[in-house]
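Colleague: File follows, start20.txt with compact mmCIF, C-alpha atoms:
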# COMPACT_ATOMS: atom_id res chain seq x y z
CA MET A 1426 58.89 136.34 179.20
CA SER A 1427 61.92 137.70 177.38
CA GLU A 1428 65.38 136.18 177.55
CA ARG A 1429 68.88 137.61 177.34
CA HIS A 1430 71.29 135.82 175.03
CA LYS A 1431 75.04 136.38 175.30
CA VAL A 1432 77.39 136.35 172.32
CA ASP A 1433 81.11 136.45 173.04
CA ALA A 1434 82.74 137.79 169.87
CA ARG A 1435 85.93 138.97 171.60
CA GLY A 1436 88.85 138.52 169.25
CA ALA A 1437 86.69 138.66 166.10
CA TYR A 1438 87.13 141.52 163.67
CA CYS A 1439 84.62 143.49 161.61
CA PRO A 1440 82.21 142.38 160.29
CA GLY A 1441 82.32 139.22 162.46
CA PRO A 1442 80.63 140.59 165.60
CA LEU A 1443 77.81 142.17 163.58
CA MET A 1444 77.26 138.96 161.61
CA GLU A 1445 77.09 136.98 164.88
CA LEU A 1446 74.57 139.47 166.28
CA ILE A 1447 72.37 139.21 163.18
CA ALA A 1448 72.49 135.40 163.27
CA THR A 1449 71.56 135.36 166.96
CA LEU A 1450 68.68 137.82 166.53
CA ARG A 1451 67.17 135.56 163.85
CA HIS A 1452 66.65 132.88 166.51
CA CYS A 1453 65.33 135.22 169.22
CA ALA A 1454 61.75 136.05 170.08
CA ILE A 1455 60.51 139.64 169.91
CA GLY A 1456 61.51 141.36 173.14
CA ASP A 1457 64.55 139.16 173.74
CA GLU A 1458 67.87 140.89 174.29
CA VAL A 1459 71.28 140.00 172.93
CA GLU A 1460 74.36 141.06 174.88
CA MET A 1461 77.26 141.21 172.44
CA TRP A 1462 80.84 141.28 173.73
CA SER A 1463 83.38 142.59 171.24
CA THR A 1464 86.99 143.74 171.38
CA ASP A 1465 86.69 145.30 167.91
CA THR A 1466 86.40 149.06 168.57
CA GLY A 1467 84.37 149.50 165.36
CA SER A 1468 81.58 147.45 166.91
CA ALA A 1469 80.80 150.31 169.31
CA THR A 1470 79.67 152.44 166.35
CA ASP A 1471 78.87 149.89 163.62
CA ILE A 1472 76.43 147.80 165.66
CA PRO A 1473 74.37 150.78 166.94
CA ALA A 1474 74.18 152.13 163.36
CA TRP A 1475 72.92 148.75 162.10
CA VAL A 1476 70.44 148.45 164.99
CA LYS A 1477 68.92 151.83 164.07
CA LYS A 1478 68.75 150.91 160.37
CA ALA A 1479 67.20 147.51 161.15
CA ARG A 1480 64.73 149.16 163.55
CA HIS A 1481 65.63 147.14 166.63
CA GLU A 1482 66.25 148.79 170.01
CA LEU A 1483 69.70 149.67 171.34
CA VAL A 1484 69.55 149.09 175.10
CA GLY A 1485 73.11 150.13 175.87
CA VAL A 1486 76.76 150.37 174.87
CA SER A 1487 79.50 150.35 177.48
CA GLN A 1488 83.17 149.56 177.73
CA GLU A 1489 83.76 146.71 180.18
CA GLY A 1490 87.48 146.29 180.78
CA ASP A 1491 88.97 144.81 177.59
CA HIS A 1492 85.75 144.72 175.55
CA TRP A 1493 82.57 146.54 174.57
CA ALA A 1494 79.24 145.26 175.86
CA ILE A 1495 76.44 146.11 173.43
CA ILE A 1496 72.87 145.17 174.32
CA VAL A 1497 70.20 144.98 171.63
CA ARG A 1498 66.48 144.20 172.04
CA LYS A 1499 64.72 142.48 169.14
CA ALA A 1500 61.84 144.71 168.05
CA HIS A 1501 60.25 142.72 165.22
Can the structure from this file be put into structure tokens for me?
Modeller:
Amino acid sequence: MSERHKVDARGAYCPGPLMELIATLRHCAIGDEVEMWSTDTGSATDIPAWVKKARHELVGVSQEGDHWAIIVRKAH
């Protein structure tokens, strides 16, 4: 059964949110999801680009009030 992990990186600036995502994914099982919250507007493009390069799965990107919510599923 997969889990969803939440990482609140609001207030952190590039590359902080991406580094927190990578660190969290290292401790996740395949199929787990990480929901990243970030106020850094670059995260909305930088994280999806990294996810594609790293061959994980981008579940969604949405703006939620004052932050972006980016959901990534660990693929390997």
Colleague: Restricting the calculation to all atoms listed in the file: of A:Glu1445, A:Asp1457, A:Asp1471, A:Asp1433, which residue gets closest to Ala1500 (chain A)?
Modeller: A:Asp1457
Colleague: Would you please work out which residue, of A:Thr1470, A:Thr1449, A:Ser1463, A:Ser1427, is nearest to His1492 (chain A) when using only C-alpha atoms?
Modeller: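 Looking only at the distances to His1492 (chain A), the closest residue turns out to be A:Ser1463.
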Colleague: So, with only C-alpha atoms as the atoms that count, which of A:Gly1436, A:Gly1485, A:Gly1490, A:Gly1456 lies closest to Ile1472 (chain A)?
Modeller: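 Closest residue, counting only C-alpha atoms: A:Gly1485.
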Colleague: Of the candidates A:Val1497, A:Met1426, A:Ala1434, A:Leu1450, which one gets nearest to Lys1477 (chain A) if we count all atoms listed in the file?
Modeller: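 Closest to Lys1477 (chain A), using all atoms listed in the file: A:Val1497.
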Colleague: Which residue, A:Glu1428, A:Trp1475, A:Val1484, A:Ser1468, has the smallest gap to Ile1447 (chain A) when you use all atoms listed in the file?
Modeller: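 Ranking A:Glu1428, A:Trp1475, A:Val1484, A:Ser1468 by distance to Ile1447 (chain A), first place goes to A:Trp1475.
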Colleague: Would you work out the distance separating CA of Asp1465 (chain A) from CA of His1430 (chain A), expressed in Å to one decimal?
Modeller: 19.4 Å
Colleague: Calculated over all atoms listed in the file, which of the candidates A:Val1459, A:Gly1441, A:His1501, A:Cys1453 has the smallest distance to His1481 (chain A)?
Modeller: A:His1501
Colleague: Because the input lacks atoms here, generate N, CA and C atoms for region 1464-1490 of chain A and report them as a PDB file, in the frame of the given file.
Modeller:
ATOM      1  N   THR A1464      85.760 142.967 171.179  1.00  0.00           N
ATOM      2  CA  THR A1464      86.990 143.740 171.380  1.00  0.00           C
ATOM      3  C   THR A1464      87.281 144.614 170.170  1.00  0.00           C
ATOM      4  N   ASP A1465      86.513 144.482 169.104  1.00  0.00           N
ATOM      5  CA  ASP A1465      86.690 145.300 167.910  1.00  0.00           C
ATOM      6  C   ASP A1465      86.068 146.677 168.170  1.00  0.00           C
ATOM      7  N   THR A1466      86.902 147.730 168.218  1.00  0.00           N
ATOM      8  CA  THR A1466      86.400 149.060 168.570  1.00  0.00           C
ATOM      9  C   THR A1466      85.336 149.549 167.585  1.00  0.00           C
ATOM     10  N   GLY A1467      85.379 149.101 166.335  1.00  0.00           N
ATOM     11  CA  GLY A1467      84.370 149.500 165.360  1.00  0.00           C
ATOM     12  C   GLY A1467      82.976 149.031 165.727  1.00  0.00           C
ATOM     13  N   SER A1468      82.893 147.968 166.512  1.00  0.00           N
ATOM     14  CA  SER A1468      81.580 147.450 166.910  1.00  0.00           C
ATOM     15  C   SER A1468      80.787 148.475 167.715  1.00  0.00           C
ATOM     16  N   ALA A1469      81.479 149.326 168.462  1.00  0.00           N
ATOM     17  CA  ALA A1469      80.800 150.310 169.310  1.00  0.00           C
ATOM     18  C   ALA A1469      80.041 151.344 168.492  1.00  0.00           C
ATOM     19  N   THR A1470      80.404 151.520 167.224  1.00  0.00           N
ATOM     20  CA  THR A1470      79.670 152.440 166.350  1.00  0.00           C
ATOM     21  C   THR A1470      78.906 151.702 165.257  1.00  0.00           C
ATOM     22  N   ASP A1471      79.500 150.631 164.718  1.00  0.00           N
ATOM     23  CA  ASP A1471      78.870 149.890 163.620  1.00  0.00           C
ATOM     24  C   ASP A1471      77.582 149.188 164.052  1.00  0.00           C
ATOM     25  N   ILE A1472      77.618 148.539 165.208  1.00  0.00           N
ATOM     26  CA  ILE A1472      76.430 147.800 165.660  1.00  0.00           C
ATOM     27  C   ILE A1472      75.277 148.754 165.967  1.00  0.00           C
ATOM     28  N   PRO A1473      75.492 149.847 166.733  1.00  0.00           N
ATOM     29  CA  PRO A1473      74.370 150.780 166.940  1.00  0.00           C
ATOM     30  C   PRO A1473      73.803 151.339 165.630  1.00  0.00           C
ATOM     31  N   ALA A1474      74.666 151.614 164.650  1.00  0.00           N
ATOM     32  CA  ALA A1474      74.180 152.130 163.360  1.00  0.00           C
ATOM     33  C   ALA A1474      73.308 151.083 162.666  1.00  0.00           C
ATOM     34  N   TRP A1475      73.719 149.810 162.708  1.00  0.00           N
ATOM     35  CA  TRP A1475      72.920 148.750 162.100  1.00  0.00           C
ATOM     36  C   TRP A1475      71.600 148.564 162.847  1.00  0.00           C
ATOM     37  N   VAL A1476      71.652 148.623 164.176  1.00  0.00           N
ATOM     38  CA  VAL A1476      70.440 148.450 164.990  1.00  0.00           C
ATOM     39  C   VAL A1476      69.398 149.505 164.615  1.00  0.00           C
ATOM     40  N   LYS A1477      69.839 150.748 164.453  1.00  0.00           N
ATOM     41  CA  LYS A1477      68.920 151.830 164.070  1.00  0.00           C
ATOM     42  C   LYS A1477      68.341 151.559 162.678  1.00  0.00           C
ATOM     43  N   LYS A1478      69.200 151.183 161.739  1.00  0.00           N
ATOM     44  CA  LYS A1478      68.750 150.910 160.370  1.00  0.00           C
ATOM     45  C   LYS A1478      67.773 149.737 160.326  1.00  0.00           C
ATOM     46  N   ALA A1479      68.040 148.715 161.130  1.00  0.00           N
ATOM     47  CA  ALA A1479      67.200 147.510 161.150  1.00  0.00           C
ATOM     48  C   ALA A1479      65.958 147.685 162.030  1.00  0.00           C
ATOM     49  N   ARG A1480      65.869 148.829 162.712  1.00  0.00           N
ATOM     50  CA  ARG A1480      64.730 149.160 163.550  1.00  0.00           C
ATOM     51  C   ARG A1480      64.549 148.219 164.751  1.00  0.00           C
ATOM     52  N   HIS A1481      65.670 147.826 165.336  1.00  0.00           N
ATOM     53  CA  HIS A1481      65.630 147.140 166.630  1.00  0.00           C
ATOM     54  C   HIS A1481      65.904 148.208 167.689  1.00  0.00           C
ATOM     55  N   GLU A1482      66.050 147.820 168.940  1.00  0.00           N
ATOM     56  CA  GLU A1482      66.250 148.790 170.010  1.00  0.00           C
ATOM     57  C   GLU A1482      67.630 148.614 170.637  1.00  0.00           C
ATOM     58  N   LEU A1483      68.395 149.683 170.677  1.00  0.00           N
ATOM     59  CA  LEU A1483      69.700 149.670 171.340  1.00  0.00           C
ATOM     60  C   LEU A1483      69.455 149.936 172.819  1.00  0.00           C
ATOM     61  N   VAL A1484      69.767 148.959 173.662  1.00  0.00           N
ATOM     62  CA  VAL A1484      69.550 149.090 175.100  1.00  0.00           C
ATOM     63  C   VAL A1484      70.738 149.797 175.749  1.00  0.00           C
ATOM     64  N   GLY A1485      71.950 149.478 175.288  1.00  0.00           N
ATOM     65  CA  GLY A1485      73.110 150.130 175.870  1.00  0.00           C
ATOM     66  C   GLY A1485      74.408 149.720 175.215  1.00  0.00           C
ATOM     67  N   VAL A1486      75.393 150.618 175.342  1.00  0.00           N
ATOM     68  CA  VAL A1486      76.760 150.370 174.870  1.00  0.00           C
ATOM     69  C   VAL A1486      77.681 150.833 175.978  1.00  0.00           C
ATOM     70  N   SER A1487      78.559 149.942 176.445  1.00  0.00           N
ATOM     71  CA  SER A1487      79.500 150.350 177.480  1.00  0.00           C
ATOM     72  C   SER A1487      80.808 149.599 177.309  1.00  0.00           C
ATOM     73  N   GLN A1488      81.873 150.223 177.773  1.00  0.00           N
ATOM     74  CA  GLN A1488      83.170 149.560 177.730  1.00  0.00           C
ATOM     75  C   GLN A1488      83.360 148.855 179.058  1.00  0.00           C
ATOM     76  N   GLU A1489      83.614 147.555 178.996  1.00  0.00           N
ATOM     77  CA  GLU A1489      83.760 146.710 180.180  1.00  0.00           C
ATOM     78  C   GLU A1489      85.163 146.111 180.186  1.00  0.00           C
ATOM     79  N   GLY A1490      86.108 146.811 180.749  1.00  0.00           N
ATOM     80  CA  GLY A1490      87.480 146.290 180.780  1.00  0.00           C
ATOM     81  C   GLY A1490      88.057 146.234 179.379  1.00  0.00           C
TER      82      GLY A1490
END
